[in-house]
Amino acid sequence: MADDLPYLARGAKPIATQSSVLVSNSRYLNSPALRDWLATAFLRKSGKDSPTTLDAHELYGILGTLFDVPRIEALFTQERARWPELDRWFSEGFSSNFTVDELLANPEGSLGYIFGRYLRDNGFEIDIVPRFEPRNQFEYFSLRSGQTHDLEHIVCGGGFNIIGELVPYFGRLSNLPRFLDAELMGLIHPGQLLGALRLISRTGLHYPQSFPTALRAIRCGMDVGEQSGPYFMAKYEDVFHLPLAEARAALGIVGAVDLDSAEASLAWEEYQ
């Protein structure tokens, strides 16, 4: 009888199926590759044998097989019809082509110089993903998002470490839903969502001393996302020469507070 069931177990309605394999009404749950990624990325410890950046690379490879591109394209087209600024952004299709030397030619303390020093000092490349010619709106959105991600670390106040990664993640998760259709957001943001949540889960499970810092990073990102303009369309290249505070203002970034570097660096050490 239902009264004999634990309170939280009541209301379940098993559904019969003729399928011989796991099947649900979720495209994400139906993906064996994604289920394996989730179990690993959410539950594992961090280590140099499998860099945290590899998680994201693998995730986007999996999601590439799951995105409903025709529906995403239809929704982007719909959004462009109601929002002239977005239409102009897509029509221009601007793509970055600057070099590290060009970044370092900017004044010390400027956005461009800060970014250039980060790249040069760590031996990193400018492009998180290789540059390519977008074939549709979603590919352009994805390309530009990759090109600006590291810059969002700087302008949103996250710093360049794993804890700081939560700042641009939650900045976008809080910012874009304010400007774009909810259904569109649900289709284009699983990478941001799952990428962010894996860091929260791993930190809470294995690095509890760093969890308060992770929560502060989330709040820092949300403050920027909730208060700023639609900075996913920002043309950072126009403000590389400006000091960081002035660059933030010119880009419409509001509420950015740099996450305490010493605190974040200490938390980062736990991931090594």
# chains A, B, ... in the order shown; residues from 1 in each chain; ligands from 1
call {"tool": "closest_atom_pairs", "arguments": {"of": "region 13-84 of chain A", "to": "region 179-195 of chain A", "cutoff": "12 Å", "atoms": "only C-alpha atoms", "output": "Markdown table"}}
result
| residue | atom | partner | partner_atom | distance |
| --- | --- | --- | --- | --- |
| A:Arg27 | CA | A:Leu187 | CA | 11.2 |
| A:Tyr28 | CA | A:Pro190 | CA | 9.5 |
| A:Leu34 | CA | A:Leu194 | CA | 10.3 |
| A:Arg35 | CA | A:Leu194 | CA | 11.7 |
| A:Trp37 | CA | A:Leu194 | CA | 10.1 |
| A:Leu38 | CA | A:Leu194 | CA | 8.1 |
| A:Ala39 | CA | A:Leu194 | CA | 11.5 |
| A:Ala41 | CA | A:Gly195 | CA | 8.8 |
| A:Phe42 | CA | A:Leu194 | CA | 9.0 |
| A:Thr52 | CA | A:Gly195 | CA | 10.0 |
| A:Thr53 | CA | A:Gly195 | CA | 9.8 |
| A:Leu54 | CA | A:Gly195 | CA | 10.9 |
| A:Asp55 | CA | A:Gly195 | CA | 7.8 |
| A:Ala56 | CA | A:Gly195 | CA | 6.4 |
| A:His57 | CA | A:Gly191 | CA | 10.0 |
| A:Glu58 | CA | A:Gly191 | CA | 10.4 |
| A:Leu59 | CA | A:Gly191 | CA | 6.9 |
| A:Tyr60 | CA | A:Gly191 | CA | 6.5 |
| A:Gly61 | CA | A:Gly191 | CA | 10.0 |
| A:Ile62 | CA | A:Gly191 | CA | 9.7 |
| A:Leu63 | CA | A:Gly191 | CA | 7.4 |
| A:Gly64 | CA | A:Gly191 | CA | 9.9 |
| A:Leu66 | CA | A:Leu187 | CA | 9.6 |
| A:Phe67 | CA | A:Leu187 | CA | 6.9 |
| A:Asp68 | CA | A:Leu187 | CA | 7.1 |
| A:Val69 | CA | A:Leu187 | CA | 8.7 |
| A:Pro70 | CA | A:Leu187 | CA | 10.9 |
| A:Arg71 | CA | A:Leu184 | CA | 8.3 |
| A:Ile72 | CA | A:Leu184 | CA | 6.2 |
| A:Glu73 | CA | A:Leu184 | CA | 9.2 |
| A:Ala74 | CA | A:Leu184 | CA | 9.3 |
| A:Leu75 | CA | A:Leu184 | CA | 6.1 |
| A:Phe76 | CA | A:Leu184 | CA | 7.4 |
| A:Thr77 | CA | A:Leu184 | CA | 10.7 |
| A:Gln78 | CA | A:Asp181 | CA | 9.2 |
| A:Glu79 | CA | A:Leu180 | CA | 7.1 |
| A:Arg80 | CA | A:Leu180 | CA | 9.9 |
| A:Arg82 | CA | A:Leu180 | CA | 10.4 |
| A:Trp83 | CA | A:Phe179 | CA | 9.3 |
call {"tool": "residues_around", "arguments": {"residues": "Ala234 (chain A)", "least_positions_apart": "4", "cutoff": "10 Å", "atoms": "only C-alpha atoms", "output": "list in words"}}
result
Trp89, Arg144, Thr148, Gly229, Pro230, Asp238, Val239, Ala250, Leu251, Gly252 and Ile253 of chain A
call {"tool": "closest_atom_pairs", "arguments": {"of": "region 146-206 of chain A", "to": "region 210-216 of chain A", "cutoff": "12 Å", "atoms": "only C-alpha atoms", "output": "CSV"}}
result
residue,atom,partner,partner_atom,distance
A:Gly157,CA,A:Arg216,CA,11.4
A:Gly158,CA,A:Arg216,CA,10.3
A:Asn161,CA,A:Ala214,CA,11.3
A:Ile162,CA,A:Ala214,CA,9.3
A:Ile163,CA,A:Ala214,CA,5.8
A:Gly164,CA,A:Ala214,CA,8.0
A:Glu165,CA,A:Ala214,CA,9.4
A:Leu166,CA,A:Ala214,CA,7.2
A:Val167,CA,A:Arg216,CA,8.9
A:Tyr169,CA,A:Ala214,CA,11.8
A:Phe170,CA,A:Leu215,CA,10.7
A:Ala196,CA,A:Ala214,CA,10.5
A:Leu197,CA,A:Ala214,CA,10.9
A:Arg198,CA,A:Ala214,CA,11.7
A:Leu199,CA,A:Ala214,CA,8.4
A:Ile200,CA,A:Ala214,CA,6.9
A:Ser201,CA,A:Phe211,CA,9.4
A:Arg202,CA,A:Phe211,CA,9.4
A:Thr203,CA,A:Phe211,CA,5.8
A:Gly204,CA,A:Phe211,CA,5.6
A:Leu205,CA,A:Phe211,CA,9.1
A:His206,CA,A:Ser210,CA,9.2
call {"tool": "write_last_selection", "arguments": {"atoms": "N, CA and C atoms", "output": "PDB file, in the first residue's frame"}}
result
ATOM      1  N   GLY A 157      36.697  39.064 -13.229  1.00  0.00           N
ATOM      2  CA  GLY A 157      37.393  39.013 -11.947  1.00  0.00           C
ATOM      3  C   GLY A 157      37.757  37.637 -11.458  1.00  0.00           C
ATOM      4  N   GLY A 158      37.807  36.642 -12.350  1.00  0.00           N
ATOM      5  CA  GLY A 158      38.018  35.274 -11.906  1.00  0.00           C
ATOM      6  C   GLY A 158      39.450  34.858 -11.682  1.00  0.00           C
ATOM      7  N   ASN A 161      42.748  30.205 -12.654  1.00  0.00           N
ATOM      8  CA  ASN A 161      42.933  28.953 -11.931  1.00  0.00           C
ATOM      9  C   ASN A 161      41.589  28.241 -11.921  1.00  0.00           C
ATOM     10  N   ILE A 162      41.566  27.030 -11.406  1.00  0.00           N
ATOM     11  CA  ILE A 162      40.349  26.228 -11.491  1.00  0.00           C
ATOM     12  C   ILE A 162      39.207  26.848 -10.702  1.00  0.00           C
ATOM     13  N   ILE A 163      39.477  27.364  -9.529  1.00  0.00           N
ATOM     14  CA  ILE A 163      38.420  28.022  -8.765  1.00  0.00           C
ATOM     15  C   ILE A 163      37.924  29.254  -9.516  1.00  0.00           C
ATOM     16  N   GLY A 164      38.860  30.014 -10.090  1.00  0.00           N
ATOM     17  CA  GLY A 164      38.481  31.197 -10.850  1.00  0.00           C
ATOM     18  C   GLY A 164      37.655  30.885 -12.069  1.00  0.00           C
ATOM     19  N   GLU A 165      37.730  29.659 -12.562  1.00  0.00           N
ATOM     20  CA  GLU A 165      36.934  29.252 -13.725  1.00  0.00           C
ATOM     21  C   GLU A 165      35.434  29.393 -13.456  1.00  0.00           C
ATOM     22  N   LEU A 166      35.059  29.288 -12.200  1.00  0.00           N
ATOM     23  CA  LEU A 166      33.645  29.392 -11.859  1.00  0.00           C
ATOM     24  C   LEU A 166      33.094  30.793 -12.119  1.00  0.00           C
ATOM     25  N   VAL A 167      33.946  31.800 -12.125  1.00  0.00           N
ATOM     26  CA  VAL A 167      33.470  33.171 -12.312  1.00  0.00           C
ATOM     27  C   VAL A 167      32.938  33.375 -13.733  1.00  0.00           C
ATOM     28  N   TYR A 169      32.087  31.088 -15.852  1.00  0.00           N
ATOM     29  CA  TYR A 169      30.990  30.135 -16.021  1.00  0.00           C
ATOM     30  C   TYR A 169      29.679  30.733 -15.526  1.00  0.00           C
ATOM     31  N   PHE A 170      29.660  31.162 -14.265  1.00  0.00           N
ATOM     32  CA  PHE A 170      28.413  31.647 -13.687  1.00  0.00           C
ATOM     33  C   PHE A 170      28.075  33.055 -14.159  1.00  0.00           C
ATOM     34  N   ALA A 196      30.476  23.879 -15.241  1.00  0.00           N
ATOM     35  CA  ALA A 196      30.525  24.558 -13.953  1.00  0.00           C
ATOM     36  C   ALA A 196      30.222  23.616 -12.797  1.00  0.00           C
ATOM     37  N   LEU A 197      29.195  22.804 -12.954  1.00  0.00           N
ATOM     38  CA  LEU A 197      28.762  21.950 -11.848  1.00  0.00           C
ATOM     39  C   LEU A 197      29.788  20.873 -11.502  1.00  0.00           C
ATOM     40  N   ARG A 198      30.573  20.433 -12.476  1.00  0.00           N
ATOM     41  CA  ARG A 198      31.599  19.427 -12.149  1.00  0.00           C
ATOM     42  C   ARG A 198      32.610  19.995 -11.163  1.00  0.00           C
ATOM     43  N   LEU A 199      32.948  21.277 -11.291  1.00  0.00           N
ATOM     44  CA  LEU A 199      33.921  21.883 -10.385  1.00  0.00           C
ATOM     45  C   LEU A 199      33.347  22.034  -8.989  1.00  0.00           C
ATOM     46  N   ILE A 200      32.070  22.357  -8.895  1.00  0.00           N
ATOM     47  CA  ILE A 200      31.426  22.469  -7.585  1.00  0.00           C
ATOM     48  C   ILE A 200      31.378  21.110  -6.913  1.00  0.00           C
ATOM     49  N   SER A 201      30.983  20.091  -7.672  1.00  0.00           N
ATOM     50  CA  SER A 201      30.867  18.742  -7.112  1.00  0.00           C
ATOM     51  C   SER A 201      32.223  18.229  -6.634  1.00  0.00           C
ATOM     52  N   ARG A 202      33.242  18.337  -7.460  1.00  0.00           N
ATOM     53  CA  ARG A 202      34.569  17.829  -7.092  1.00  0.00           C
ATOM     54  C   ARG A 202      35.138  18.576  -5.899  1.00  0.00           C
ATOM     55  N   THR A 203      34.931  19.891  -5.884  1.00  0.00           N
ATOM     56  CA  THR A 203      35.457  20.673  -4.766  1.00  0.00           C
ATOM     57  C   THR A 203      34.771  20.270  -3.465  1.00  0.00           C
ATOM     58  N   GLY A 204      33.452  20.165  -3.500  1.00  0.00           N
ATOM     59  CA  GLY A 204      32.733  19.801  -2.290  1.00  0.00           C
ATOM     60  C   GLY A 204      33.061  18.403  -1.791  1.00  0.00           C
ATOM     61  N   LEU A 205      33.267  17.468  -2.723  1.00  0.00           N
ATOM     62  CA  LEU A 205      33.524  16.084  -2.335  1.00  0.00           C
ATOM     63  C   LEU A 205      34.954  15.856  -1.855  1.00  0.00           C
ATOM     64  N   HIS A 206      35.923  16.492  -2.506  1.00  0.00           N
ATOM     65  CA  HIS A 206      37.327  16.148  -2.268  1.00  0.00           C
ATOM     66  C   HIS A 206      38.185  17.280  -1.709  1.00  0.00           C
TER      67      HIS A 206
END
call {"tool": "closest_residue", "arguments": {"among": "A:Arg10, A:Leu22, A:Arg44, A:Leu119", "to": "Tyr207 (chain A)", "atoms": "only C-alpha atoms"}}
result
A:Arg44
call {"tool": "residues_around", "arguments": {"residues": "Ala249 (chain A)", "least_positions_apart": "2", "cutoff": "12 Å", "atoms": "only C-alpha atoms", "output": "PyMOL selection string"}}
result
chain A and resi 111+155-156+224+228-229+231+234+236+239+242-247+251-256
call {"tool": "closest_residue", "arguments": {"among": "A:Ile114, A:Ala217, A:Ala9, A:Ile126", "to": "Asp258 (chain A)", "atoms": "only C-alpha atoms"}}
result
A:Ala217
call {"tool": "select_by_dssp", "arguments": {"residues": "region 74-259 of chain A", "states": "alpha helix (DSSP H)", "output": "MDAnalysis selection string"}}
result
chainID A and resid 74:82 84:92 100:104 111:122 137:156 166:175 182:188 190:206 211:227 244:251
call {"tool": "closest_residue", "arguments": {"among": "A:Gly123, A:Gly225, A:Pro84, A:Pro168", "to": "Ser145 (chain A)", "atoms": "only C-alpha atoms"}}
result
A:Pro168
call {"tool": "closest_residue", "arguments": {"among": "A:Phe160, A:Lys48, A:Gly93, A:Ile218", "to": "Glu139 (chain A)", "atoms": "only C-alpha atoms"}}
result
A:Gly93
call {"tool": "select_by_dssp", "arguments": {"residues": "region 2-249 of chain A", "states": "strand (DSSP E or B)", "output": "short mmCIF file (atom, residue, chain, number, x, y, z; two decimals) with all heavy atoms, in the first residue's frame"}}
result
data_model
loop_
_atom_site.label_atom_id
_atom_site.label_comp_id
_atom_site.auth_asym_id
_atom_site.auth_seq_id
_atom_site.Cartn_x
_atom_site.Cartn_y
_atom_site.Cartn_z
N GLY A 47 43.85 15.78 -10.97
CA GLY A 47 45.23 15.31 -11.01
C GLY A 47 45.89 15.66 -12.32
O GLY A 47 45.23 15.87 -13.34
N SER A 50 45.25 13.78 -15.69
CA SER A 50 44.08 14.10 -16.51
C SER A 50 43.69 15.54 -16.19
O SER A 50 42.87 15.79 -15.31
CB SER A 50 42.92 13.15 -16.20
OG SER A 50 41.81 13.41 -17.04
N SER A 110 46.90 47.49 -18.90
CA SER A 110 45.74 47.48 -19.79
C SER A 110 45.20 46.06 -19.94
O SER A 110 45.89 45.07 -19.63
CB SER A 110 46.11 48.02 -21.17
OG SER A 110 47.03 47.15 -21.82
N PRO A 243 43.10 50.73 -19.38
CA PRO A 243 43.27 50.08 -18.06
C PRO A 243 42.06 49.21 -17.76
O PRO A 243 40.95 49.48 -18.24
CB PRO A 243 43.36 51.28 -17.11
CG PRO A 243 43.79 52.43 -17.96
CD PRO A 243 43.19 52.19 -19.31
#
call {"tool": "decode", "arguments": {"residues": "region 43-138 of chain A", "atoms": "C-alpha atoms", "output": "PDB file, in the first residue's frame"}}
result
ATOM      1  CA  LEU A  43      33.076  12.378  -8.792  1.00  0.00           C
ATOM      2  CA  ARG A  44      36.799  12.171  -9.502  1.00  0.00           C
ATOM      3  CA  LYS A  45      39.646  13.967  -7.824  1.00  0.00           C
ATOM      4  CA  SER A  46      41.750  16.311  -9.918  1.00  0.00           C
ATOM      5  CA  GLY A  47      45.227  15.305 -11.012  1.00  0.00           C
ATOM      6  CA  LYS A  48      47.977  16.113 -13.468  1.00  0.00           C
ATOM      7  CA  ASP A  49      47.428  12.775 -15.217  1.00  0.00           C
ATOM      8  CA  SER A  50      44.083  14.103 -16.506  1.00  0.00           C
ATOM      9  CA  PRO A  51      44.036  17.931 -16.569  1.00  0.00           C
ATOM     10  CA  THR A  52      40.804  19.626 -15.656  1.00  0.00           C
ATOM     11  CA  THR A  53      40.825  21.308 -19.068  1.00  0.00           C
ATOM     12  CA  LEU A  54      40.519  17.860 -20.649  1.00  0.00           C
ATOM     13  CA  ASP A  55      37.079  17.511 -19.042  1.00  0.00           C
ATOM     14  CA  ALA A  56      35.754  20.421 -21.089  1.00  0.00           C
ATOM     15  CA  HIS A  57      37.357  19.201 -24.305  1.00  0.00           C
ATOM     16  CA  GLU A  58      35.720  15.793 -23.907  1.00  0.00           C
ATOM     17  CA  LEU A  59      32.382  17.289 -22.865  1.00  0.00           C
ATOM     18  CA  TYR A  60      32.015  19.481 -25.935  1.00  0.00           C
ATOM     19  CA  GLY A  61      32.936  16.574 -28.165  1.00  0.00           C
ATOM     20  CA  ILE A  62      30.069  14.579 -26.666  1.00  0.00           C
ATOM     21  CA  LEU A  63      27.597  17.459 -26.747  1.00  0.00           C
ATOM     22  CA  GLY A  64      28.403  18.035 -30.398  1.00  0.00           C
ATOM     23  CA  THR A  65      26.488  14.844 -31.162  1.00  0.00           C
ATOM     24  CA  LEU A  66      23.491  15.934 -29.060  1.00  0.00           C
ATOM     25  CA  PHE A  67      22.874  19.570 -29.997  1.00  0.00           C
ATOM     26  CA  ASP A  68      19.612  20.165 -31.858  1.00  0.00           C
ATOM     27  CA  VAL A  69      21.231  22.486 -34.392  1.00  0.00           C
ATOM     28  CA  PRO A  70      18.156  23.039 -36.628  1.00  0.00           C
ATOM     29  CA  ARG A  71      16.119  24.170 -33.625  1.00  0.00           C
ATOM     30  CA  ILE A  72      18.979  26.322 -32.325  1.00  0.00           C
ATOM     31  CA  GLU A  73      19.269  27.988 -35.734  1.00  0.00           C
ATOM     32  CA  ALA A  74      15.537  28.668 -35.859  1.00  0.00           C
ATOM     33  CA  LEU A  75      15.600  30.242 -32.409  1.00  0.00           C
ATOM     34  CA  PHE A  76      18.655  32.384 -33.152  1.00  0.00           C
ATOM     35  CA  THR A  77      16.912  33.616 -36.318  1.00  0.00           C
ATOM     36  CA  GLN A  78      13.831  34.398 -34.254  1.00  0.00           C
ATOM     37  CA  GLU A  79      15.911  36.314 -31.716  1.00  0.00           C
ATOM     38  CA  ARG A  80      17.638  38.313 -34.451  1.00  0.00           C
ATOM     39  CA  ALA A  81      14.257  39.420 -35.780  1.00  0.00           C
ATOM     40  CA  ARG A  82      13.288  40.961 -32.428  1.00  0.00           C
ATOM     41  CA  TRP A  83      16.717  42.268 -31.363  1.00  0.00           C
ATOM     42  CA  PRO A  84      18.594  44.489 -33.881  1.00  0.00           C
ATOM     43  CA  GLU A  85      21.805  44.506 -31.825  1.00  0.00           C
ATOM     44  CA  LEU A  86      22.031  40.720 -31.992  1.00  0.00           C
ATOM     45  CA  ASP A  87      21.279  40.790 -35.717  1.00  0.00           C
ATOM     46  CA  ARG A  88      24.127  43.269 -36.304  1.00  0.00           C
ATOM     47  CA  TRP A  89      26.490  41.117 -34.234  1.00  0.00           C
ATOM     48  CA  PHE A  90      25.787  38.044 -36.340  1.00  0.00           C
ATOM     49  CA  SER A  91      25.837  40.002 -39.600  1.00  0.00           C
ATOM     50  CA  GLU A  92      29.245  41.494 -38.827  1.00  0.00           C
ATOM     51  CA  GLY A  93      30.604  38.081 -37.839  1.00  0.00           C
ATOM     52  CA  PHE A  94      33.736  39.584 -36.299  1.00  0.00           C
ATOM     53  CA  SER A  95      36.507  37.112 -35.455  1.00  0.00           C
ATOM     54  CA  SER A  96      39.758  37.730 -33.565  1.00  0.00           C
ATOM     55  CA  ASN A  97      43.144  37.638 -35.292  1.00  0.00           C
ATOM     56  CA  PHE A  98      45.484  39.359 -32.819  1.00  0.00           C
ATOM     57  CA  THR A  99      48.839  37.941 -31.701  1.00  0.00           C
ATOM     58  CA  VAL A 100      50.542  37.775 -28.317  1.00  0.00           C
ATOM     59  CA  ASP A 101      53.092  40.384 -29.442  1.00  0.00           C
ATOM     60  CA  GLU A 102      50.258  42.734 -30.362  1.00  0.00           C
ATOM     61  CA  LEU A 103      48.700  42.243 -26.932  1.00  0.00           C
ATOM     62  CA  LEU A 104      51.992  43.024 -25.202  1.00  0.00           C
ATOM     63  CA  ALA A 105      52.360  46.223 -27.226  1.00  0.00           C
ATOM     64  CA  ASN A 106      49.535  47.687 -25.148  1.00  0.00           C
ATOM     65  CA  PRO A 107      50.338  49.746 -22.005  1.00  0.00           C
ATOM     66  CA  GLU A 108      51.105  47.876 -18.801  1.00  0.00           C
ATOM     67  CA  GLY A 109      47.972  47.437 -16.739  1.00  0.00           C
ATOM     68  CA  SER A 110      45.740  47.476 -19.793  1.00  0.00           C
ATOM     69  CA  LEU A 111      43.373  44.638 -20.627  1.00  0.00           C
ATOM     70  CA  GLY A 112      45.433  43.616 -23.645  1.00  0.00           C
ATOM     71  CA  TYR A 113      48.712  43.645 -21.744  1.00  0.00           C
ATOM     72  CA  ILE A 114      47.291  41.640 -18.837  1.00  0.00           C
ATOM     73  CA  PHE A 115      46.041  39.015 -21.265  1.00  0.00           C
ATOM     74  CA  GLY A 116      49.297  38.976 -23.216  1.00  0.00           C
ATOM     75  CA  ARG A 117      51.415  38.502 -20.097  1.00  0.00           C
ATOM     76  CA  TYR A 118      49.219  35.619 -18.986  1.00  0.00           C
ATOM     77  CA  LEU A 119      49.677  33.904 -22.339  1.00  0.00           C
ATOM     78  CA  ARG A 120      53.417  34.592 -22.628  1.00  0.00           C
ATOM     79  CA  ASP A 121      54.299  33.743 -19.013  1.00  0.00           C
ATOM     80  CA  ASN A 122      52.500  30.399 -19.151  1.00  0.00           C
ATOM     81  CA  GLY A 123      53.316  29.401 -22.706  1.00  0.00           C
ATOM     82  CA  PHE A 124      49.638  29.284 -23.646  1.00  0.00           C
ATOM     83  CA  GLU A 125      47.998  29.810 -26.999  1.00  0.00           C
ATOM     84  CA  ILE A 126      45.434  32.489 -27.780  1.00  0.00           C
ATOM     85  CA  ASP A 127      42.838  30.151 -29.231  1.00  0.00           C
ATOM     86  CA  ILE A 128      41.109  27.733 -26.875  1.00  0.00           C
ATOM     87  CA  VAL A 129      39.697  26.109 -29.990  1.00  0.00           C
ATOM     88  CA  PRO A 130      41.291  26.377 -33.438  1.00  0.00           C
ATOM     89  CA  ARG A 131      39.925  29.175 -35.579  1.00  0.00           C
ATOM     90  CA  PHE A 132      37.500  28.037 -38.259  1.00  0.00           C
ATOM     91  CA  GLU A 133      34.961  29.455 -40.686  1.00  0.00           C
ATOM     92  CA  PRO A 134      31.517  29.180 -39.057  1.00  0.00           C
ATOM     93  CA  ARG A 135      28.859  27.547 -41.222  1.00  0.00           C
ATOM     94  CA  ASN A 136      25.869  28.762 -39.225  1.00  0.00           C
ATOM     95  CA  GLN A 137      24.827  31.038 -36.359  1.00  0.00           C
ATOM     96  CA  PHE A 138      25.462  28.474 -33.636  1.00  0.00           C
TER      97      PHE A 138
END
